[in-house]
$ cat work-v3.txt   # compact mmCIF, N, CA and C atoms
# COMPACT_ATOMS: atom_id res chain seq x y z
N MET A 19 1.40 -103.36 114.64
CA MET A 19 0.97 -102.04 115.10
C MET A 19 -0.42 -102.17 115.72
N GLU A 20 -0.60 -101.61 116.86
CA GLU A 20 -1.87 -101.64 117.60
C GLU A 20 -2.86 -100.63 117.01
N LEU A 21 -4.11 -101.02 116.89
CA LEU A 21 -5.16 -100.15 116.36
C LEU A 21 -5.56 -99.13 117.42
N ASP A 22 -5.49 -97.84 117.08
CA ASP A 22 -5.94 -96.79 117.99
C ASP A 22 -7.44 -96.64 117.84
N THR A 23 -8.21 -97.30 118.70
CA THR A 23 -9.66 -97.34 118.56
C THR A 23 -10.32 -95.98 118.72
N SER A 24 -9.66 -95.02 119.31
CA SER A 24 -10.25 -93.69 119.45
C SER A 24 -10.34 -92.96 118.10
N LEU A 25 -9.57 -93.43 117.12
CA LEU A 25 -9.55 -92.78 115.81
C LEU A 25 -10.39 -93.51 114.78
N VAL A 26 -11.12 -94.54 115.18
CA VAL A 26 -11.89 -95.34 114.25
C VAL A 26 -13.38 -95.06 114.46
N PRO A 27 -13.98 -94.20 113.61
CA PRO A 27 -15.39 -93.81 113.79
C PRO A 27 -16.36 -94.97 113.94
N PRO A 28 -16.23 -96.08 113.17
CA PRO A 28 -17.21 -97.16 113.30
C PRO A 28 -17.27 -97.78 114.69
N LEU A 29 -16.19 -97.70 115.43
CA LEU A 29 -16.20 -98.29 116.77
C LEU A 29 -17.04 -97.48 117.74
N HIS A 30 -17.40 -96.27 117.33
CA HIS A 30 -18.21 -95.41 118.18
C HIS A 30 -19.66 -95.31 117.68
N SER A 31 -19.98 -96.11 116.65
CA SER A 31 -21.34 -96.09 116.12
C SER A 31 -22.29 -96.74 117.12
N ASP A 32 -23.56 -96.38 117.06
CA ASP A 32 -24.57 -96.96 117.95
C ASP A 32 -24.61 -98.48 117.80
N TRP A 33 -24.53 -98.94 116.55
CA TRP A 33 -24.61 -100.38 116.30
C TRP A 33 -23.47 -101.12 117.00
N PHE A 34 -22.26 -100.65 116.82
CA PHE A 34 -21.10 -101.35 117.40
C PHE A 34 -21.10 -101.26 118.93
N ARG A 35 -21.43 -100.10 119.46
CA ARG A 35 -21.41 -99.92 120.92
C ARG A 35 -22.42 -100.78 121.65
N THR A 36 -23.50 -101.20 120.95
CA THR A 36 -24.52 -102.02 121.60
C THR A 36 -24.24 -103.52 121.49
N LEU A 37 -23.19 -103.89 120.74
CA LEU A 37 -22.83 -105.31 120.66
C LEU A 37 -22.30 -105.81 122.00
N PRO A 38 -22.62 -107.03 122.36
CA PRO A 38 -21.97 -107.61 123.54
C PRO A 38 -20.46 -107.63 123.32
N SER A 39 -19.68 -107.42 124.34
CA SER A 39 -18.23 -107.30 124.19
C SER A 39 -17.61 -108.53 123.53
N LEU A 40 -18.16 -109.70 123.76
CA LEU A 40 -17.63 -110.91 123.12
C LEU A 40 -17.70 -110.78 121.59
N TYR A 41 -18.83 -110.32 121.05
CA TYR A 41 -18.98 -110.16 119.60
C TYR A 41 -18.11 -109.03 119.06
N ALA A 42 -18.07 -107.93 119.78
CA ALA A 42 -17.25 -106.80 119.36
C ALA A 42 -15.78 -107.21 119.29
N ASP A 43 -15.32 -107.92 120.31
CA ASP A 43 -13.93 -108.37 120.34
C ASP A 43 -13.63 -109.32 119.18
N ARG A 44 -14.56 -110.22 118.88
CA ARG A 44 -14.36 -111.16 117.77
C ARG A 44 -14.29 -110.43 116.43
N LEU A 45 -15.13 -109.43 116.25
CA LEU A 45 -15.07 -108.65 115.01
C LEU A 45 -13.71 -107.99 114.85
N LEU A 46 -13.23 -107.39 115.91
CA LEU A 46 -11.93 -106.70 115.85
C LEU A 46 -10.78 -107.68 115.65
N GLU A 47 -10.86 -108.86 116.26
CA GLU A 47 -9.81 -109.86 116.09
C GLU A 47 -9.72 -110.33 114.64
N ARG A 48 -10.84 -110.39 113.96
CA ARG A 48 -10.87 -110.90 112.59
C ARG A 48 -10.77 -109.80 111.54
N ALA A 49 -10.70 -108.57 111.99
CA ALA A 49 -10.69 -107.43 111.07
C ALA A 49 -9.41 -107.38 110.24
N THR A 50 -9.58 -106.99 108.99
CA THR A 50 -8.47 -106.77 108.09
C THR A 50 -8.68 -105.43 107.44
N GLU A 51 -7.65 -104.60 107.43
CA GLU A 51 -7.78 -103.29 106.81
C GLU A 51 -7.59 -103.41 105.30
N LEU A 52 -8.52 -102.85 104.57
CA LEU A 52 -8.47 -102.82 103.12
C LEU A 52 -8.36 -101.36 102.72
N GLN A 53 -7.19 -100.95 102.24
CA GLN A 53 -6.99 -99.55 101.87
C GLN A 53 -7.29 -99.38 100.38
N LEU A 54 -8.26 -98.55 100.10
CA LEU A 54 -8.64 -98.24 98.73
C LEU A 54 -8.11 -96.86 98.40
N VAL A 55 -7.15 -96.80 97.51
CA VAL A 55 -6.50 -95.53 97.22
C VAL A 55 -6.90 -94.94 95.86
N GLU A 56 -7.79 -95.64 95.17
CA GLU A 56 -8.30 -95.13 93.90
C GLU A 56 -9.82 -95.18 93.91
N ASP A 57 -10.46 -94.23 93.25
CA ASP A 57 -11.91 -94.24 93.13
C ASP A 57 -12.35 -95.38 92.20
N GLN A 58 -13.56 -95.83 92.39
CA GLN A 58 -14.23 -96.83 91.54
C GLN A 58 -13.72 -98.26 91.72
N ILE A 59 -12.93 -98.56 92.72
CA ILE A 59 -12.50 -99.94 92.97
C ILE A 59 -13.71 -100.73 93.46
N LEU A 60 -13.95 -101.87 92.84
CA LEU A 60 -15.07 -102.73 93.22
C LEU A 60 -14.71 -103.51 94.48
N ILE A 61 -15.53 -103.37 95.51
CA ILE A 61 -15.31 -104.09 96.78
C ILE A 61 -16.01 -105.43 96.69
N HIS A 62 -17.24 -105.44 96.25
CA HIS A 62 -17.94 -106.69 95.95
C HIS A 62 -19.04 -106.41 94.94
N GLN A 63 -19.43 -107.49 94.26
CA GLN A 63 -20.40 -107.39 93.18
C GLN A 63 -21.71 -108.05 93.58
N GLN A 64 -22.78 -107.52 93.05
CA GLN A 64 -24.12 -108.06 93.28
C GLN A 64 -24.12 -109.56 93.02
N ASP A 65 -24.72 -110.31 93.95
CA ASP A 65 -24.86 -111.77 93.90
C ASP A 65 -23.59 -112.54 94.26
N ASP A 66 -22.50 -111.86 94.63
CA ASP A 66 -21.32 -112.57 95.14
C ASP A 66 -21.67 -113.25 96.45
N ASN A 67 -21.06 -114.39 96.71
CA ASN A 67 -21.18 -115.03 98.03
C ASN A 67 -20.29 -114.29 99.01
N THR A 68 -20.67 -114.31 100.28
CA THR A 68 -19.88 -113.56 101.25
C THR A 68 -19.96 -114.12 102.66
N GLU A 69 -18.98 -113.74 103.41
CA GLU A 69 -18.99 -113.90 104.86
C GLU A 69 -18.33 -112.67 105.48
N ALA A 70 -18.31 -111.56 104.73
CA ALA A 70 -17.59 -110.37 105.16
C ALA A 70 -18.52 -109.24 105.60
N LEU A 71 -18.12 -108.58 106.65
CA LEU A 71 -18.78 -107.40 107.17
C LEU A 71 -17.78 -106.26 107.03
N TYR A 72 -18.23 -105.10 106.60
CA TYR A 72 -17.32 -103.97 106.34
C TYR A 72 -17.65 -102.78 107.21
N SER A 73 -16.62 -101.95 107.39
CA SER A 73 -16.76 -100.69 108.10
C SER A 73 -15.98 -99.63 107.34
N VAL A 74 -16.58 -98.48 107.13
CA VAL A 74 -15.92 -97.40 106.40
C VAL A 74 -15.10 -96.57 107.40
N LEU A 75 -13.79 -96.54 107.20
CA LEU A 75 -12.93 -95.75 108.06
C LEU A 75 -12.68 -94.36 107.49
N GLU A 76 -12.42 -94.30 106.17
CA GLU A 76 -12.16 -93.03 105.49
C GLU A 76 -12.75 -93.12 104.09
N GLY A 77 -13.02 -91.97 103.50
CA GLY A 77 -13.55 -91.96 102.15
C GLY A 77 -15.06 -92.17 102.14
N VAL A 78 -15.59 -92.48 100.97
CA VAL A 78 -17.03 -92.69 100.79
C VAL A 78 -17.22 -93.92 99.92
N ILE A 79 -18.22 -94.73 100.25
CA ILE A 79 -18.54 -95.95 99.51
C ILE A 79 -19.89 -95.76 98.81
N ARG A 80 -19.98 -96.20 97.54
CA ARG A 80 -21.22 -96.12 96.78
C ARG A 80 -21.85 -97.52 96.69
N VAL A 81 -23.13 -97.61 97.03
CA VAL A 81 -23.88 -98.86 96.96
C VAL A 81 -24.90 -98.73 95.84
N SER A 82 -24.92 -99.71 94.93
CA SER A 82 -25.83 -99.64 93.79
C SER A 82 -26.31 -101.04 93.40
N THR A 83 -27.31 -101.08 92.55
CA THR A 83 -27.78 -102.34 91.95
C THR A 83 -27.81 -102.15 90.44
N CYS A 84 -27.83 -103.27 89.73
CA CYS A 84 -27.95 -103.23 88.27
C CYS A 84 -29.17 -104.04 87.85
N SER A 85 -29.91 -103.49 86.90
CA SER A 85 -31.07 -104.21 86.36
C SER A 85 -30.57 -105.28 85.39
N HIS A 86 -31.47 -106.12 84.95
CA HIS A 86 -31.12 -107.15 83.96
C HIS A 86 -30.66 -106.52 82.64
N GLN A 87 -31.08 -105.28 82.40
CA GLN A 87 -30.67 -104.57 81.19
C GLN A 87 -29.32 -103.87 81.38
N GLY A 88 -28.75 -103.95 82.58
CA GLY A 88 -27.45 -103.35 82.85
C GLY A 88 -27.50 -101.93 83.35
N LYS A 89 -28.69 -101.40 83.63
CA LYS A 89 -28.81 -100.02 84.12
C LYS A 89 -28.52 -99.99 85.62
N GLU A 90 -27.59 -99.12 86.02
CA GLU A 90 -27.22 -98.99 87.42
C GLU A 90 -28.12 -97.99 88.13
N SER A 91 -28.53 -98.34 89.35
CA SER A 91 -29.28 -97.44 90.22
C SER A 91 -28.51 -97.30 91.52
N VAL A 92 -28.12 -96.08 91.84
CA VAL A 92 -27.39 -95.84 93.09
C VAL A 92 -28.39 -95.84 94.24
N LEU A 93 -28.11 -96.66 95.25
CA LEU A 93 -28.99 -96.76 96.41
C LEU A 93 -28.61 -95.77 97.50
N THR A 94 -27.31 -95.65 97.76
CA THR A 94 -26.86 -94.76 98.82
C THR A 94 -25.35 -94.57 98.76
N TYR A 95 -24.87 -93.60 99.51
CA TYR A 95 -23.44 -93.37 99.72
C TYR A 95 -23.18 -93.53 101.21
N LEU A 96 -22.12 -94.25 101.56
CA LEU A 96 -21.82 -94.53 102.96
C LEU A 96 -20.60 -93.73 103.41
N PRO A 97 -20.76 -92.88 104.42
CA PRO A 97 -19.64 -92.08 104.93
C PRO A 97 -18.85 -92.85 105.99
N PRO A 98 -17.72 -92.28 106.42
CA PRO A 98 -16.96 -92.90 107.51
C PRO A 98 -17.85 -93.09 108.74
N GLY A 99 -17.63 -94.20 109.43
CA GLY A 99 -18.42 -94.51 110.61
C GLY A 99 -19.55 -95.47 110.33
N THR A 100 -19.73 -95.84 109.05
CA THR A 100 -20.82 -96.71 108.65
C THR A 100 -20.35 -98.16 108.55
N TRP A 101 -21.20 -99.06 109.01
CA TRP A 101 -21.00 -100.50 108.83
C TRP A 101 -21.90 -100.96 107.70
N PHE A 102 -21.45 -101.93 106.90
CA PHE A 102 -22.32 -102.50 105.87
C PHE A 102 -21.93 -103.96 105.61
N GLY A 103 -22.89 -104.69 105.06
CA GLY A 103 -22.66 -106.09 104.75
C GLY A 103 -23.32 -107.06 105.71
N GLU A 104 -23.95 -106.54 106.77
CA GLU A 104 -24.55 -107.44 107.77
C GLU A 104 -25.71 -108.25 107.20
N ILE A 105 -26.50 -107.66 106.33
CA ILE A 105 -27.60 -108.41 105.71
C ILE A 105 -27.03 -109.45 104.74
N ALA A 106 -26.00 -109.08 104.01
CA ALA A 106 -25.37 -110.02 103.09
C ALA A 106 -24.75 -111.20 103.82
N VAL A 107 -24.17 -110.95 104.98
CA VAL A 107 -23.59 -112.04 105.76
C VAL A 107 -24.69 -113.03 106.17
N ALA A 108 -25.83 -112.52 106.60
CA ALA A 108 -26.94 -113.39 106.99
C ALA A 108 -27.49 -114.15 105.80
N ALA A 109 -27.57 -113.50 104.63
CA ALA A 109 -28.11 -114.12 103.43
C ALA A 109 -27.06 -114.93 102.66
N ARG A 110 -25.79 -114.73 103.01
CA ARG A 110 -24.65 -115.39 102.35
C ARG A 110 -24.44 -114.93 100.91
N ARG A 111 -25.00 -113.79 100.56
CA ARG A 111 -24.74 -113.20 99.24
C ARG A 111 -25.06 -111.71 99.28
N TYR A 112 -24.39 -110.97 98.41
CA TYR A 112 -24.61 -109.53 98.33
C TYR A 112 -25.75 -109.23 97.37
N GLY A 113 -26.60 -108.31 97.77
CA GLY A 113 -27.71 -107.89 96.92
C GLY A 113 -27.40 -106.63 96.15
N SER A 114 -26.16 -106.15 96.27
CA SER A 114 -25.82 -104.89 95.61
C SER A 114 -24.35 -104.89 95.23
N ASN A 115 -23.99 -103.90 94.40
CA ASN A 115 -22.60 -103.64 94.06
C ASN A 115 -22.08 -102.60 95.03
N VAL A 116 -20.86 -102.74 95.46
CA VAL A 116 -20.26 -101.76 96.36
C VAL A 116 -18.91 -101.36 95.80
N ARG A 117 -18.74 -100.06 95.60
CA ARG A 117 -17.48 -99.50 95.06
C ARG A 117 -16.99 -98.37 95.94
N CYS A 118 -15.70 -98.20 95.90
CA CYS A 118 -15.11 -97.03 96.54
C CYS A 118 -15.51 -95.83 95.69
N PHE A 119 -16.11 -94.83 96.29
CA PHE A 119 -16.53 -93.63 95.55
C PHE A 119 -15.50 -92.53 95.68
N LYS A 120 -15.10 -92.26 96.91
CA LYS A 120 -14.04 -91.28 97.17
C LYS A 120 -12.99 -91.97 98.02
N ALA A 121 -11.87 -92.26 97.43
CA ALA A 121 -10.82 -92.99 98.11
C ALA A 121 -10.11 -92.11 99.13
N LYS A 122 -9.44 -92.77 100.04
CA LYS A 122 -8.57 -92.08 101.01
C LYS A 122 -7.49 -91.38 100.19
N ARG A 123 -7.22 -90.17 100.50
CA ARG A 123 -6.20 -89.40 99.76
C ARG A 123 -4.98 -89.17 100.62
$ encode --input "work-v3.txt" --output "C-alpha cells"
Amino acid sequence: MELDTSLVPPLHSDWFRTLPSLYADRLLERATELQLVEDQILIHQQDDNTEALYSVLEGVIRVSTCSHQGKESVLTYLPPGTWFGEIAVAARRYGSNVRCFKAKR
C-alpha cells in the first residue's frame, strides 16, 4: 500500500520540508510504521542504544527521565506532526524514556 503523504503531518513540518530531497527520500524508504493501540507502551528506555528516528502520526507521546532514585520527571508531550530521536541518533543512545501517552483509537 502506498503512503498518502498528504495525510502525514510530519512530512509537512518545517524540519522535514527543509531536508534535501535525497535525505527525505532515504528517511521515507527506511520508514516503518509502528502502531501503538494502547496507552503507556514503552517505545524506548533511557540509555538504550539507538539508530532510530521517530515521527508522531497520531496520538500523543510522553517524554520523561528518571532520577537515580527512580523518580520520573515528564519533560514534554509530543503531538502529531512532531519528529523525535534525532539527538539520540547522533549520540547513539536515548537520554529519556518515551511512551505512548494517548494511543490511536
$ residues_around --input "work-v3.txt" --residues "Val81 (chain A)" --least-positions-apart "2" --cutoff "12 Å" --atoms "only C-alpha atoms" --output "ChimeraX atom specification"
/A:58,60-64,78-79,83-84,90-97,102-103,112-119
$ write_last_selection --input "work-v3.txt" --atoms "N, CA and C atoms" --output "PDB file, in the coordinates of the input"
ATOM      1  N   GLN A  58     -13.560 -95.830  92.390  1.00  0.00           N
ATOM      2  CA  GLN A  58     -14.230 -96.830  91.540  1.00  0.00           C
ATOM      3  C   GLN A  58     -13.720 -98.260  91.720  1.00  0.00           C
ATOM      4  N   LEU A  60     -13.950-101.870  92.840  1.00  0.00           N
ATOM      5  CA  LEU A  60     -15.070-102.730  93.220  1.00  0.00           C
ATOM      6  C   LEU A  60     -14.710-103.510  94.480  1.00  0.00           C
ATOM      7  N   ILE A  61     -15.530-103.370  95.510  1.00  0.00           N
ATOM      8  CA  ILE A  61     -15.310-104.090  96.780  1.00  0.00           C
ATOM      9  C   ILE A  61     -16.010-105.430  96.690  1.00  0.00           C
ATOM     10  N   HIS A  62     -17.240-105.440  96.250  1.00  0.00           N
ATOM     11  CA  HIS A  62     -17.940-106.690  95.950  1.00  0.00           C
ATOM     12  C   HIS A  62     -19.040-106.410  94.940  1.00  0.00           C
ATOM     13  N   GLN A  63     -19.430-107.490  94.260  1.00  0.00           N
ATOM     14  CA  GLN A  63     -20.400-107.390  93.180  1.00  0.00           C
ATOM     15  C   GLN A  63     -21.710-108.050  93.580  1.00  0.00           C
ATOM     16  N   GLN A  64     -22.780-107.520  93.050  1.00  0.00           N
ATOM     17  CA  GLN A  64     -24.120-108.060  93.280  1.00  0.00           C
ATOM     18  C   GLN A  64     -24.120-109.560  93.020  1.00  0.00           C
ATOM     19  N   VAL A  78     -15.590 -92.480 100.970  1.00  0.00           N
ATOM     20  CA  VAL A  78     -17.030 -92.690 100.790  1.00  0.00           C
ATOM     21  C   VAL A  78     -17.220 -93.920  99.920  1.00  0.00           C
ATOM     22  N   ILE A  79     -18.220 -94.730 100.250  1.00  0.00           N
ATOM     23  CA  ILE A  79     -18.540 -95.950  99.510  1.00  0.00           C
ATOM     24  C   ILE A  79     -19.890 -95.760  98.810  1.00  0.00           C
ATOM     25  N   THR A  83     -27.310-101.080  92.550  1.00  0.00           N
ATOM     26  CA  THR A  83     -27.780-102.340  91.950  1.00  0.00           C
ATOM     27  C   THR A  83     -27.810-102.150  90.440  1.00  0.00           C
ATOM     28  N   CYS A  84     -27.830-103.270  89.730  1.00  0.00           N
ATOM     29  CA  CYS A  84     -27.950-103.230  88.270  1.00  0.00           C
ATOM     30  C   CYS A  84     -29.170-104.040  87.850  1.00  0.00           C
ATOM     31  N   GLU A  90     -27.590 -99.120  86.020  1.00  0.00           N
ATOM     32  CA  GLU A  90     -27.220 -98.990  87.420  1.00  0.00           C
ATOM     33  C   GLU A  90     -28.120 -97.990  88.130  1.00  0.00           C
ATOM     34  N   SER A  91     -28.530 -98.340  89.350  1.00  0.00           N
ATOM     35  CA  SER A  91     -29.280 -97.440  90.220  1.00  0.00           C
ATOM     36  C   SER A  91     -28.510 -97.300  91.520  1.00  0.00           C
ATOM     37  N   VAL A  92     -28.120 -96.080  91.840  1.00  0.00           N
ATOM     38  CA  VAL A  92     -27.390 -95.840  93.090  1.00  0.00           C
ATOM     39  C   VAL A  92     -28.390 -95.840  94.240  1.00  0.00           C
ATOM     40  N   LEU A  93     -28.110 -96.660  95.250  1.00  0.00           N
ATOM     41  CA  LEU A  93     -28.990 -96.760  96.410  1.00  0.00           C
ATOM     42  C   LEU A  93     -28.610 -95.770  97.500  1.00  0.00           C
ATOM     43  N   THR A  94     -27.310 -95.650  97.760  1.00  0.00           N
ATOM     44  CA  THR A  94     -26.860 -94.760  98.820  1.00  0.00           C
ATOM     45  C   THR A  94     -25.350 -94.570  98.760  1.00  0.00           C
ATOM     46  N   TYR A  95     -24.870 -93.600  99.510  1.00  0.00           N
ATOM     47  CA  TYR A  95     -23.440 -93.370  99.720  1.00  0.00           C
ATOM     48  C   TYR A  95     -23.180 -93.530 101.210  1.00  0.00           C
ATOM     49  N   LEU A  96     -22.120 -94.250 101.560  1.00  0.00           N
ATOM     50  CA  LEU A  96     -21.820 -94.530 102.960  1.00  0.00           C
ATOM     51  C   LEU A  96     -20.600 -93.730 103.410  1.00  0.00           C
ATOM     52  N   PRO A  97     -20.760 -92.880 104.420  1.00  0.00           N
ATOM     53  CA  PRO A  97     -19.640 -92.080 104.930  1.00  0.00           C
ATOM     54  C   PRO A  97     -18.850 -92.850 105.990  1.00  0.00           C
ATOM     55  N   PHE A 102     -21.450-101.930 106.900  1.00  0.00           N
ATOM     56  CA  PHE A 102     -22.320-102.500 105.870  1.00  0.00           C
ATOM     57  C   PHE A 102     -21.930-103.960 105.610  1.00  0.00           C
ATOM     58  N   GLY A 103     -22.890-104.690 105.060  1.00  0.00           N
ATOM     59  CA  GLY A 103     -22.660-106.090 104.750  1.00  0.00           C
ATOM     60  C   GLY A 103     -23.320-107.060 105.710  1.00  0.00           C
ATOM     61  N   TYR A 112     -24.390-110.970  98.410  1.00  0.00           N
ATOM     62  CA  TYR A 112     -24.610-109.530  98.330  1.00  0.00           C
ATOM     63  C   TYR A 112     -25.750-109.230  97.370  1.00  0.00           C
ATOM     64  N   GLY A 113     -26.600-108.310  97.770  1.00  0.00           N
ATOM     65  CA  GLY A 113     -27.710-107.890  96.920  1.00  0.00           C
ATOM     66  C   GLY A 113     -27.400-106.630  96.150  1.00  0.00           C
ATOM     67  N   SER A 114     -26.160-106.150  96.270  1.00  0.00           N
ATOM     68  CA  SER A 114     -25.820-104.890  95.610  1.00  0.00           C
ATOM     69  C   SER A 114     -24.350-104.890  95.230  1.00  0.00           C
ATOM     70  N   ASN A 115     -23.990-103.900  94.400  1.00  0.00           N
ATOM     71  CA  ASN A 115     -22.600-103.640  94.060  1.00  0.00           C
ATOM     72  C   ASN A 115     -22.080-102.600  95.030  1.00  0.00           C
ATOM     73  N   VAL A 116     -20.860-102.740  95.460  1.00  0.00           N
ATOM     74  CA  VAL A 116     -20.260-101.760  96.360  1.00  0.00           C
ATOM     75  C   VAL A 116     -18.910-101.360  95.800  1.00  0.00           C
ATOM     76  N   ARG A 117     -18.740-100.060  95.600  1.00  0.00           N
ATOM     77  CA  ARG A 117     -17.480 -99.500  95.060  1.00  0.00           C
ATOM     78  C   ARG A 117     -16.990 -98.370  95.940  1.00  0.00           C
ATOM     79  N   CYS A 118     -15.700 -98.200  95.900  1.00  0.00           N
ATOM     80  CA  CYS A 118     -15.110 -97.030  96.540  1.00  0.00           C
ATOM     81  C   CYS A 118     -15.510 -95.830  95.690  1.00  0.00           C
ATOM     82  N   PHE A 119     -16.110 -94.830  96.290  1.00  0.00           N
ATOM     83  CA  PHE A 119     -16.530 -93.630  95.550  1.00  0.00           C
ATOM     84  C   PHE A 119     -15.500 -92.530  95.680  1.00  0.00           C
TER      85      PHE A 119
END
$ select_by_dssp --input "work-v3.txt" --residues "region 31-98 of chain A" --states "strand (DSSP E)" --output "list in words"
Leu60, Ile61, His62, Tyr72, Ser73, Val78, Ile79, Arg80, Val81, Ser82, Thr83, Cys84, Glu90, Ser91, Val92, Leu93, Thr94, Tyr95 and Leu96 of chain A
$ atom_distance --input "work-v3.txt" --atom1 "atom C of Thr50 (chain A)" --atom2 "CA of Ala109 (chain A)"
21.7 Å
$ atom_distance --input "work-v3.txt" --atom1 "CA of Trp33 (chain A)" --atom2 "atom C of Ala70 (chain A)"
15.2 Å
$ atom_distance --input "work-v3.txt" --atom1 "atom C of Glu69 (chain A)" --atom2 "atom N of His30 (chain A)"
20.3 Å
$ closest_residue --input "work-v3.txt" --among "A:Arg80, A:Asp65, A:Gly99, A:Arg44" --to "Asp32 (chain A)" --atoms "all atoms listed in the file"
A:Gly99
$ select_by_dssp --input "work-v3.txt" --residues "chain A" --states "helix (DSSP H, G or I)" --output "JSON, numbers by chain"
{"A": [23, 24, 25, 27, 28, 29, 30, 32, 33, 34, 35, 39, 40, 41, 42, 43, 44, 45, 46, 47, 48, 104, 105, 106, 107, 108, 109]}
